[in-house]
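This is my_file-v8.cif. It holds mmCIF, C-alpha atoms and all ligand atoms.
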data_input
#
loop_
_atom_site.label_atom_id
_atom_site.label_comp_id
_atom_site.auth_asym_id
_atom_site.auth_seq_id
_atom_site.Cartn_x
_atom_site.Cartn_y
_atom_site.Cartn_z
CA MET A 1 -22.35 14.32 4.89
CA THR A 2 -19.65 16.90 5.54
CA TRP A 3 -16.50 16.49 7.57
CA ASN A 4 -14.10 19.22 8.59
CA ARG A 5 -16.05 22.21 7.38
CA HIS A 6 -14.06 24.77 9.36
CA THR A 7 -17.30 26.27 10.57
CA THR A 8 -17.96 27.72 14.03
CA HIS A 9 -21.43 26.18 14.35
CA VAL A 10 -22.85 22.70 13.79
CA GLN A 11 -24.82 22.28 10.57
CA ASP A 12 -27.27 19.74 9.19
CA GLY A 13 -25.29 16.94 7.47
CA ASP A 14 -22.14 17.40 9.58
CA LEU A 15 -20.10 14.48 10.83
CA VAL A 16 -19.92 15.09 14.59
CA LEU A 17 -18.11 13.61 17.56
CA LEU A 18 -20.13 13.29 20.76
CA VAL A 19 -17.97 12.85 23.85
CA GLY A 20 -19.73 11.65 26.99
CA GLN A 21 -18.62 10.79 30.50
CA ARG A 22 -15.32 8.90 30.88
CA HIS A 23 -14.45 9.99 27.33
CA LYS A 24 -16.97 7.57 25.81
CA HIS A 25 -17.40 8.83 22.28
CA PHE A 26 -19.70 8.38 19.31
CA MET A 27 -19.34 9.59 15.75
CA ILE A 28 -22.55 10.28 13.85
CA THR A 29 -23.81 12.24 10.87
CA LEU A 30 -26.51 14.76 11.76
CA LYS A 31 -29.76 14.71 9.86
CA ALA A 32 -32.66 17.02 10.68
CA GLY A 33 -35.58 15.15 12.25
CA MET A 34 -33.48 12.15 13.38
CA GLU A 35 -32.66 10.92 16.89
CA PHE A 36 -29.48 9.36 18.27
CA HIS A 37 -30.04 6.62 20.85
CA THR A 38 -27.33 5.68 23.35
CA HIS A 39 -27.37 3.72 26.58
CA ARG A 40 -27.17 7.16 28.19
CA GLY A 41 -30.35 8.46 26.62
CA ILE A 42 -31.61 10.06 23.42
CA LEU A 43 -30.31 13.15 21.63
CA LYS A 44 -32.41 14.89 18.98
CA HIS A 45 -30.34 15.96 15.98
CA ASP A 46 -32.48 19.12 15.69
CA ASP A 47 -31.32 20.19 19.16
CA LEU A 48 -27.68 19.96 18.06
CA ILE A 49 -27.92 21.72 14.69
CA GLY A 50 -27.01 25.39 15.05
CA LEU A 51 -24.99 25.04 18.28
CA PRO A 52 -21.40 26.36 18.49
CA TRP A 53 -18.88 23.48 18.28
CA GLY A 54 -17.69 22.47 21.77
CA THR A 55 -21.08 23.02 23.42
CA GLN A 56 -22.13 20.74 26.27
CA ILE A 57 -25.52 19.15 25.68
CA TYR A 58 -27.70 16.71 27.63
CA SER A 59 -29.62 13.60 26.62
CA HIS A 60 -33.24 13.09 27.71
CA THR A 61 -31.88 11.26 30.79
CA ASP A 62 -29.66 14.27 31.57
CA ALA A 63 -26.38 12.57 30.60
CA PRO A 64 -23.87 15.22 29.41
CA PHE A 65 -22.07 15.16 26.04
CA TYR A 66 -19.78 17.60 24.27
CA ILE A 67 -20.14 18.07 20.54
CA PHE A 68 -17.02 18.50 18.37
CA SER A 69 -15.99 18.36 14.75
CA PRO A 70 -13.84 15.19 14.65
CA SER A 71 -10.12 15.54 13.98
CA LEU A 72 -8.27 13.19 11.62
CA ALA A 73 -7.10 11.18 14.66
CA ASP A 74 -10.71 10.92 15.93
CA VAL A 75 -11.83 9.64 12.54
CA LEU A 76 -9.02 7.06 12.38
CA ARG A 77 -9.61 5.84 15.94
CA ASP A 78 -13.27 5.13 15.18
CA MET A 79 -12.74 3.68 11.71
CA PRO A 80 -14.39 0.29 11.12
CA ARG A 81 -11.55 -2.14 10.35
CA ASN A 82 -10.81 -5.70 9.32
CA THR A 83 -7.00 -5.42 9.33
CA GLN A 84 -4.38 -3.94 11.59
CA ILE A 85 -4.34 -0.20 10.85
CA LEU A 86 -1.65 2.44 11.21
CA TYR A 87 -1.62 4.51 14.40
CA PRO A 88 -1.78 8.33 14.29
CA LYS A 89 1.71 8.61 15.84
CA ASP A 90 3.22 6.72 12.90
CA ILE A 91 1.02 8.32 10.26
CA GLY A 92 1.88 11.82 11.41
CA PHE A 93 5.62 11.22 11.21
CA ILE A 94 5.37 9.53 7.81
CA LEU A 95 3.45 12.48 6.37
CA LEU A 96 5.91 15.05 7.74
CA THR A 97 9.07 13.17 6.81
CA THR A 98 8.02 12.44 3.24
CA GLY A 99 6.53 15.92 2.78
CA ILE A 100 3.16 14.69 1.56
CA GLY A 101 0.89 17.71 1.19
CA PRO A 102 -1.53 19.49 -1.14
CA GLY A 103 -1.03 18.34 -4.73
CA SER A 104 1.13 15.28 -3.90
CA ARG A 105 0.77 12.08 -5.93
CA VAL A 106 1.20 9.07 -3.67
CA ILE A 107 1.08 5.28 -4.08
CA GLU A 108 0.26 3.03 -1.13
CA ALA A 109 -0.09 -0.73 -0.66
CA GLY A 110 -1.92 -2.52 0.83
CA THR A 111 -5.10 -0.59 1.29
CA GLY A 112 -6.20 -2.74 4.25
CA SER A 113 -9.02 -0.97 6.09
CA GLY A 114 -8.11 2.37 4.57
CA ALA A 115 -6.75 4.20 7.62
CA MET A 116 -3.55 5.32 5.89
CA THR A 117 -5.55 5.90 2.70
CA THR A 118 -7.75 8.32 4.63
CA ALA A 119 -4.77 10.21 6.04
CA LEU A 120 -3.15 10.38 2.60
CA ALA A 121 -6.35 11.56 0.90
CA HIS A 122 -6.83 14.18 3.59
CA SER A 123 -3.26 15.44 3.17
CA VAL A 124 -2.97 15.55 -0.64
CA GLY A 125 -6.04 17.80 -0.83
CA ALA A 126 -8.38 18.24 -3.77
CA ASP A 127 -5.50 18.68 -6.24
CA GLY A 128 -3.54 15.59 -5.19
CA GLN A 129 -4.06 11.92 -5.96
CA VAL A 130 -3.67 8.69 -4.03
CA TYR A 131 -3.29 5.33 -5.80
CA SER A 132 -4.13 2.55 -3.36
CA TYR A 133 -3.26 -1.09 -4.24
CA GLU A 134 -4.64 -4.16 -2.49
CA ASN A 135 -4.58 -7.80 -3.57
CA ARG A 136 -7.73 -8.85 -1.68
CA LYS A 137 -10.84 -7.32 -3.22
CA ALA A 138 -12.95 -7.68 -0.06
CA MET A 139 -10.57 -5.38 1.81
CA GLN A 140 -11.23 -2.49 -0.52
CA VAL A 141 -15.00 -2.75 -0.06
CA LEU A 142 -14.64 -1.59 3.54
CA ALA A 143 -11.88 0.93 2.75
CA LYS A 144 -13.99 2.54 0.02
CA LYS A 145 -16.95 2.76 2.39
CA ASN A 146 -14.74 4.41 5.01
CA LEU A 147 -13.46 6.99 2.52
CA ARG A 148 -16.93 7.66 1.11
CA ARG A 149 -18.26 8.44 4.57
CA LEU A 150 -15.66 11.20 4.84
CA GLY A 151 -16.16 12.61 1.36
CA LEU A 152 -12.57 11.66 0.39
CA GLU A 153 -13.28 8.86 -2.09
CA GLU A 154 -12.64 10.98 -5.19
CA ARG A 155 -9.03 11.62 -4.22
CA VAL A 156 -8.23 7.90 -4.32
CA GLU A 157 -7.91 5.43 -7.19
CA PHE A 158 -8.41 1.98 -5.71
CA LYS A 159 -6.76 -0.89 -7.55
CA VAL A 160 -7.15 -4.59 -6.83
CA ARG A 161 -3.78 -6.07 -7.68
CA ASP A 162 -0.85 -7.94 -6.23
CA ILE A 163 1.94 -5.35 -6.35
CA GLU A 164 4.24 -8.12 -7.53
CA GLU A 165 2.76 -7.20 -10.93
CA GLY A 166 3.93 -3.60 -10.61
CA PHE A 167 2.23 -0.20 -10.50
CA ASP A 168 0.51 1.67 -13.36
CA GLU A 169 1.85 5.09 -12.38
CA SER A 170 5.24 6.69 -12.86
CA ASP A 171 7.02 9.63 -11.24
CA VAL A 172 4.88 9.67 -8.10
CA ASP A 173 6.20 11.77 -5.22
CA VAL A 174 6.02 9.12 -2.50
CA ILE A 175 5.41 5.36 -2.20
CA PHE A 176 4.33 3.89 1.11
CA LEU A 177 4.26 0.11 1.58
CA ASP A 178 2.48 -1.54 4.49
CA VAL A 179 2.81 -5.17 3.40
CA ARG A 180 4.59 -8.08 5.06
CA ASN A 181 7.41 -8.36 2.50
CA PRO A 182 8.18 -4.95 0.96
CA HIS A 183 11.73 -6.15 0.12
CA ASP A 184 10.20 -8.28 -2.66
CA TYR A 185 8.81 -5.24 -4.51
CA ILE A 186 11.75 -2.84 -4.72
CA SER A 187 12.12 -2.89 -8.50
CA GLN A 188 8.37 -2.32 -9.00
CA MET A 189 8.44 0.48 -6.44
CA ARG A 190 11.51 2.14 -7.98
CA ALA A 191 9.93 2.08 -11.44
CA ALA A 192 6.93 4.10 -10.19
CA LEU A 193 8.78 6.58 -7.95
CA LYS A 194 10.11 9.88 -9.28
CA PRO A 195 13.85 10.53 -9.11
CA GLY A 196 14.67 11.74 -5.62
CA GLY A 197 11.26 10.61 -4.36
CA TYR A 198 10.60 9.16 -0.94
CA PHE A 199 9.90 5.54 -0.14
CA ALA A 200 8.50 4.71 3.30
CA SER A 201 7.42 1.52 4.99
CA LEU A 202 6.14 0.31 8.35
CA LEU A 203 7.50 -3.03 9.56
CA PRO A 204 6.56 -4.77 12.80
CA THR A 205 9.78 -6.80 13.18
CA PHE A 206 13.56 -6.35 13.04
CA ASN A 207 13.80 -9.23 10.58
CA GLN A 208 11.66 -7.40 8.04
CA VAL A 209 13.74 -4.24 8.45
CA GLU A 210 16.92 -6.23 7.85
CA GLU A 211 15.57 -7.75 4.63
CA LEU A 212 14.38 -4.38 3.40
CA LEU A 213 17.74 -2.72 4.10
CA LEU A 214 19.54 -5.40 2.13
CA ALA A 215 17.19 -4.95 -0.83
CA LEU A 216 17.36 -1.14 -0.80
CA ASN A 217 21.15 -1.11 -0.60
CA LYS A 218 21.25 -3.08 -3.84
CA SER A 219 18.82 -0.80 -5.68
CA GLN A 220 20.18 2.75 -5.50
CA PHE A 221 18.26 4.05 -2.54
CA ALA A 222 20.10 6.27 -0.10
CA PHE A 223 19.68 8.44 3.00
CA ILE A 224 18.00 5.52 4.66
CA GLU A 225 16.55 6.11 8.11
CA VAL A 226 15.06 3.56 10.48
CA CYS A 227 13.23 4.75 13.56
CA GLU A 228 10.49 3.94 16.01
CA ILE A 229 8.00 6.44 17.41
CA MET A 230 7.31 6.06 21.11
CA LEU A 231 4.37 7.94 22.54
CA ARG A 232 3.61 8.16 26.24
CA TYR A 233 0.51 9.84 27.62
CA TYR A 234 0.33 11.51 31.02
CA LYS A 235 -2.54 11.88 33.46
CA PRO A 236 -3.22 15.62 33.21
CA GLN A 237 -3.63 16.27 36.92
CA SER A 238 -1.59 19.27 38.03
CA SER A 239 -1.12 18.02 41.61
CA ARG A 240 0.07 14.52 40.62
CA LEU A 241 1.28 14.64 37.04
CA ARG A 242 2.49 11.18 36.02
CA PRO A 243 2.37 8.78 33.05
CA THR A 244 -0.82 6.81 32.44
CA ASP A 245 -0.68 3.20 33.66
CA ARG A 246 -0.71 1.63 30.21
CA MET A 247 0.89 2.42 26.90
CA ILE A 248 1.11 0.90 23.46
CA ALA A 249 4.65 -0.40 23.59
CA HIS A 250 5.17 -1.28 19.95
CA THR A 251 3.47 -0.72 16.62
CA GLY A 252 6.26 -0.98 14.07
CA PHE A 253 9.55 0.37 12.81
CA LEU A 254 9.47 3.10 10.21
CA LEU A 255 11.91 3.04 7.33
CA PHE A 256 12.49 5.96 4.96
CA ALA A 257 14.70 6.04 1.88
CA ARG A 258 15.19 8.25 -1.17
CA ARG A 259 15.57 7.11 -4.76
CA VAL A 260 18.96 8.36 -6.03
CA GLU A 261 20.18 8.45 -9.60
CA LYS A 262 23.79 9.14 -10.13
CA VAL A 263 26.25 7.17 -8.10
CA ASP A 264 29.86 7.57 -9.10
CA ARG A 265 31.03 4.90 -6.72
CA PRO A 266 28.20 2.36 -6.28
CA GLU A 267 30.28 0.46 -3.70
CA GLU A 268 29.54 3.35 -1.28
CA LEU A 269 25.86 2.45 -1.36
CA GLU A 270 26.57 -1.16 -0.55
CA LYS A 271 28.72 -0.12 2.40
CA GLY A 272 25.87 2.10 3.56
CA ASP A 273 28.07 5.23 3.39
CA LEU A 274 25.24 7.27 1.91
CA SER A 275 22.68 6.15 4.42
C1 LIG B 1 -1.65 -4.25 7.53
S1 LIG B 1 -2.74 -4.16 6.19
C2 LIG B 1 -2.64 -2.47 5.68
C3 LIG B 1 -3.37 -1.53 6.63
C4 LIG B 1 -3.49 -0.12 6.11
N1 LIG B 1 -2.18 0.50 5.97
C5 LIG B 1 -4.36 0.71 7.02
O1 LIG B 1 -3.85 1.66 7.66
O2 LIG B 1 -5.58 0.43 7.11
C6 LIG B 1 -1.83 -4.95 4.90
C7 LIG B 1 -2.66 -5.14 3.64
O3 LIG B 1 -1.75 -5.41 2.57
C8 LIG B 1 -2.36 -6.33 1.69
N2 LIG B 1 -1.28 -6.95 0.91
C9 LIG B 1 -0.34 -7.83 1.35
N3 LIG B 1 0.49 -8.18 0.35
C10 LIG B 1 0.07 -7.52 -0.77
C11 LIG B 1 0.53 -7.47 -2.13
N4 LIG B 1 1.57 -8.21 -2.53
N5 LIG B 1 -0.13 -6.67 -3.01
C12 LIG B 1 -1.19 -5.93 -2.61
N6 LIG B 1 -1.67 -5.92 -1.32
C13 LIG B 1 -1.04 -6.71 -0.41
C14 LIG B 1 -3.10 -7.28 2.63
O4 LIG B 1 -4.14 -7.96 1.97
C15 LIG B 1 -3.60 -6.31 3.71
O5 LIG B 1 -4.91 -5.90 3.46
#

Would you give me this structure, written as structure tokens?
Amino acid sequence: MTWNRHTTHVQDGDLVLLVGQRHKHFMITLKAGMEFHTHRGILKHDDLIGLPWGTQIYSHTDAPFYIFSPSLADVLRDMPRNTQILYPKDIGFILLTTGIGPGSRVIEAGTGSGAMTTALAHSVGADGQVYSYENRKAMQVLAKKNLRRLGLEERVEFKVRDIEEGFDESDVDVIFLDVRNPHDYISQMRAALKPGGYFASLLPTFNQVEELLLALNKSQFAFIEVCEIMLRYYKPQSSRLRPTDRMIAHTGFLLFARRVEKVDRPEELEKGDLS
């Protein structure tokens, strides 16, 4: 299976996104000789192999589909899950703010269903490394399967552990925590993060943000930012452009902080003057 080949034409073994009427979509891996059955008819994989990406095709009942190479957001939207997963709007901002890119070494916890793991593995490239911690073994079974399907498994070291016990790595570029009580793991997190490195967390409630701020202020973290990403879609009709009727009102608050080393006047940190 190959995802994201940067090709112009569909090839045998590609992961493809089929988009039908009313944006109904399916993600499948093409295999010569196979058929894909939907409630809107059958598509033969052989008829799709060799087409330019973006081509409109028809099932045997004449239902139309477009064929695309799935984007990272497409992959995350369709990812099988057994936990709450991060949304693309939050993932995108976390990656940009912390500067995660090719060659980065990143720790995350918990693995959950592996949505963030997938985005991290995609971003760090073949030369980077993701260390993903999760205290419930069963969770990582699904996450590993999700990463394997995308050919990203080798960029991730999965570890079954309660992060209370600490991390094996040191001097990583970024640590991202998506657990209920990140404030309880600040010393473990600081021990694994490189000087000046970024810590980030997603927290659904104000109360969690408050606890995390208190803990970070005591542990030499500075330039703390708390924000929330709001995303509103519009109906793309030129004659009556307006927002869609529904939106996701809340996912979580994002918190970013940097590990700092030399503080001449530590009382400034406690007052939040360096935030
Ligand atoms: C909301 S899910 C993470 C979802 C993940 N970020 C994603 O995008 O798919 C939180 C996960 O953290 C795990 N977790 C909670 N506390 C933990 C701890 N102390 N150590 C390791 N994992 C923990 C939970 O078991 C759960 O699977």

Quiz item: Got a sec: who's within 8 Å of Phe167 of chain A, counting all atoms listed in the file, leaving out chain neighbours fewer than 5 positions off, as a ChimeraX atom specification?
Solution: /A:188-189,192

What are the closest atom pairs, with distances in Å to one decimal, for all residues of segment 80-181 of chain A lying within 9 Å of segment 225-233 of chain A? Consider all atoms listed in the file, order rows by chain and residue number, and present the result as CSV.
residue,atom,partner,partner_atom,distance
A:Lys89,CA,A:Ile229,CA,6.8
A:Asp90,CA,A:Ile229,CA,6.6
A:Phe93,CA,A:Ile229,CA,8.2

Quiz item: Using only C-alpha atoms and all ligand atoms, which protein or nucleic acid residues are at most 10 Å from ligand LIG 1 (chain B), as JSON, numbers by chain?
Solution: {"A": [76, 79, 80, 81, 82, 83, 84, 85, 86, 87, 88, 91, 108, 109, 110, 111, 112, 113, 114, 115, 116, 117, 118, 119, 132, 133, 134, 135, 136, 137, 138, 139, 140, 142, 143, 159, 160, 161, 162, 163, 164, 165, 166, 176, 177, 178, 179, 180, 181, 182, 184, 185, 201, 202, 203, 204]}

Next, dump the selected residues to file, keeping only C-alpha atoms, as a short mmCIF file (atom, residue, chain, number, x, y, z; two decimals), in the coordinates of the input.
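Output saved as result23.cif:
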data_model
loop_
_atom_site.label_atom_id
_atom_site.label_comp_id
_atom_site.auth_asym_id
_atom_site.auth_seq_id
_atom_site.Cartn_x
_atom_site.Cartn_y
_atom_site.Cartn_z
CA LEU A 76 -9.02 7.06 12.38
CA MET A 79 -12.74 3.68 11.71
CA PRO A 80 -14.39 0.29 11.12
CA ARG A 81 -11.55 -2.14 10.35
CA ASN A 82 -10.81 -5.70 9.32
CA THR A 83 -7.00 -5.42 9.33
CA GLN A 84 -4.38 -3.94 11.59
CA ILE A 85 -4.34 -0.20 10.85
CA LEU A 86 -1.65 2.44 11.21
CA TYR A 87 -1.62 4.51 14.40
CA PRO A 88 -1.78 8.33 14.29
CA ILE A 91 1.02 8.32 10.26
CA GLU A 108 0.26 3.03 -1.13
CA ALA A 109 -0.09 -0.73 -0.66
CA GLY A 110 -1.92 -2.52 0.83
CA THR A 111 -5.10 -0.59 1.29
CA GLY A 112 -6.20 -2.74 4.25
CA SER A 113 -9.02 -0.97 6.09
CA GLY A 114 -8.11 2.37 4.57
CA ALA A 115 -6.75 4.20 7.62
CA MET A 116 -3.55 5.32 5.89
CA THR A 117 -5.55 5.90 2.70
CA THR A 118 -7.75 8.32 4.63
CA ALA A 119 -4.77 10.21 6.04
CA SER A 132 -4.13 2.55 -3.36
CA TYR A 133 -3.26 -1.09 -4.24
CA GLU A 134 -4.64 -4.16 -2.49
CA ASN A 135 -4.58 -7.80 -3.57
CA ARG A 136 -7.73 -8.85 -1.68
CA LYS A 137 -10.84 -7.32 -3.22
CA ALA A 138 -12.95 -7.68 -0.06
CA MET A 139 -10.57 -5.38 1.81
CA GLN A 140 -11.23 -2.49 -0.52
CA LEU A 142 -14.64 -1.59 3.54
CA ALA A 143 -11.88 0.93 2.75
CA LYS A 159 -6.76 -0.89 -7.55
CA VAL A 160 -7.15 -4.59 -6.83
CA ARG A 161 -3.78 -6.07 -7.68
CA ASP A 162 -0.85 -7.94 -6.23
CA ILE A 163 1.94 -5.35 -6.35
CA GLU A 164 4.24 -8.12 -7.53
CA GLU A 165 2.76 -7.20 -10.93
CA GLY A 166 3.93 -3.60 -10.61
CA PHE A 176 4.33 3.89 1.11
CA LEU A 177 4.26 0.11 1.58
CA ASP A 178 2.48 -1.54 4.49
CA VAL A 179 2.81 -5.17 3.40
CA ARG A 180 4.59 -8.08 5.06
CA ASN A 181 7.41 -8.36 2.50
CA PRO A 182 8.18 -4.95 0.96
CA ASP A 184 10.20 -8.28 -2.66
CA TYR A 185 8.81 -5.24 -4.51
CA SER A 201 7.42 1.52 4.99
CA LEU A 202 6.14 0.31 8.35
CA LEU A 203 7.50 -3.03 9.56
CA PRO A 204 6.56 -4.77 12.80
#

Exercise. Tell me, in Å to one decimal, how far atom CA of His25 of chain A is from atom CA of Lys145 of chain A.
Key: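 Separation of atom CA of His25 of chain A and atom CA of Lys145 of chain A: 20.8 Å.
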
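Ranking A:Ser69, A:Thr98, A:Thr61, A:Ser187 by their shortest atom-to-atom distance to Gln11 of chain A, with only C-alpha atoms included, puts A:Ser69 first.
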
Quiz prompt | Sel. within 7 Å of pt (19.9, 6.3, -1.7), counting all atoms listed in the file, output as a list in words | solution = Gln220, Phe221, Ala222, Phe223, Ile224, Ala257, Arg258, Arg259, Val260, Leu274 and Ser275 of chain A

If you keep C-alpha atoms, can you produce a file of those selected residues as a PDB file, in the frame of the given file?
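This is the output file part_35.pdb:
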ATOM      1  CA  GLN A 220      20.180   2.750  -5.500  1.00  0.00           C
ATOM      2  CA  PHE A 221      18.260   4.050  -2.540  1.00  0.00           C
ATOM      3  CA  ALA A 222      20.100   6.270  -0.100  1.00  0.00           C
ATOM      4  CA  PHE A 223      19.680   8.440   3.000  1.00  0.00           C
ATOM      5  CA  ILE A 224      18.000   5.520   4.660  1.00  0.00           C
ATOM      6  CA  ALA A 257      14.700   6.040   1.880  1.00  0.00           C
ATOM      7  CA  ARG A 258      15.190   8.250  -1.170  1.00  0.00           C
ATOM      8  CA  ARG A 259      15.570   7.110  -4.760  1.00  0.00           C
ATOM      9  CA  VAL A 260      18.960   8.360  -6.030  1.00  0.00           C
ATOM     10  CA  LEU A 274      25.240   7.270   1.910  1.00  0.00           C
ATOM     11  CA  SER A 275      22.680   6.150   4.420  1.00  0.00           C
TER      12      SER A 275
END

So that I can see what lies close to segment 44-55 of chain A, please list as a PDB file with C-alpha atoms, in the frame of the given file the residues with an atom at most 10 Å from it, counting all atoms listed in the file and leaving out residues fewer than 5 positions away in the same chain.
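Below is the file that was written, selection.pdb:
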ATOM      1  CA  THR A   7     -17.300  26.270  10.570  1.00  0.00           C
ATOM      2  CA  THR A   8     -17.960  27.720  14.030  1.00  0.00           C
ATOM      3  CA  HIS A   9     -21.430  26.180  14.350  1.00  0.00           C
ATOM      4  CA  VAL A  10     -22.850  22.700  13.790  1.00  0.00           C
ATOM      5  CA  GLN A  11     -24.820  22.280  10.570  1.00  0.00           C
ATOM      6  CA  ASP A  12     -27.270  19.740   9.190  1.00  0.00           C
ATOM      7  CA  GLY A  13     -25.290  16.940   7.470  1.00  0.00           C
ATOM      8  CA  ASP A  14     -22.140  17.400   9.580  1.00  0.00           C
ATOM      9  CA  VAL A  16     -19.920  15.090  14.590  1.00  0.00           C
ATOM     10  CA  LEU A  17     -18.110  13.610  17.560  1.00  0.00           C
ATOM     11  CA  LEU A  18     -20.130  13.290  20.760  1.00  0.00           C
ATOM     12  CA  VAL A  19     -17.970  12.850  23.850  1.00  0.00           C
ATOM     13  CA  ILE A  28     -22.550  10.280  13.850  1.00  0.00           C
ATOM     14  CA  THR A  29     -23.810  12.240  10.870  1.00  0.00           C
ATOM     15  CA  LEU A  30     -26.510  14.760  11.760  1.00  0.00           C
ATOM     16  CA  LYS A  31     -29.760  14.710   9.860  1.00  0.00           C
ATOM     17  CA  ALA A  32     -32.660  17.020  10.680  1.00  0.00           C
ATOM     18  CA  GLY A  33     -35.580  15.150  12.250  1.00  0.00           C
ATOM     19  CA  MET A  34     -33.480  12.150  13.380  1.00  0.00           C
ATOM     20  CA  GLU A  35     -32.660  10.920  16.890  1.00  0.00           C
ATOM     21  CA  PHE A  36     -29.480   9.360  18.270  1.00  0.00           C
ATOM     22  CA  HIS A  37     -30.040   6.620  20.850  1.00  0.00           C
ATOM     23  CA  HIS A  60     -33.240  13.090  27.710  1.00  0.00           C
ATOM     24  CA  PHE A  65     -22.070  15.160  26.040  1.00  0.00           C
ATOM     25  CA  TYR A  66     -19.780  17.600  24.270  1.00  0.00           C
ATOM     26  CA  ILE A  67     -20.140  18.070  20.540  1.00  0.00           C
ATOM     27  CA  PHE A  68     -17.020  18.500  18.370  1.00  0.00           C
ATOM     28  CA  SER A  69     -15.990  18.360  14.750  1.00  0.00           C
TER      29      SER A  69
END

Self-check item: Using only C-alpha atoms: which of A:Tyr234, A:Arg148, A:Glu154, A:Leu120 has the shortest distance to Thr2 of chain A
Solution: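 Nearest candidate to Thr2 of chain A out of A:Tyr234, A:Arg148, A:Glu154, A:Leu120: A:Arg148.
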
Quiz item: Interatomic distance between atom CA of Asp168 of chain A and atom CA of Ser219 of chain A?
Solution: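 Going from atom CA of Asp168 of chain A over to atom CA of Ser219 of chain A, I get 20.0 Å.
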
Practice problem: Find the distance between atom CA of Ser239 of chain A and atom CA of Asp74 of chain A and write it in Å to one decimal. | Solution: 28.3 Å

Exercise. Considering all atoms listed in the file, state which residue in the set A:Ile94, A:Ile107, A:Leu212, A:Leu193 is at the smallest distance from Arg155 of chain A.
Key: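 The shortest atom-to-atom distance to Arg155 of chain A comes from A:Ile107.
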
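When all atoms listed in the file are used to measure the gap to Gly125 of chain A, the shortest distance among A:Thr38, A:Gln237, A:Asn217, A:Ser104 belongs to A:Ser104.
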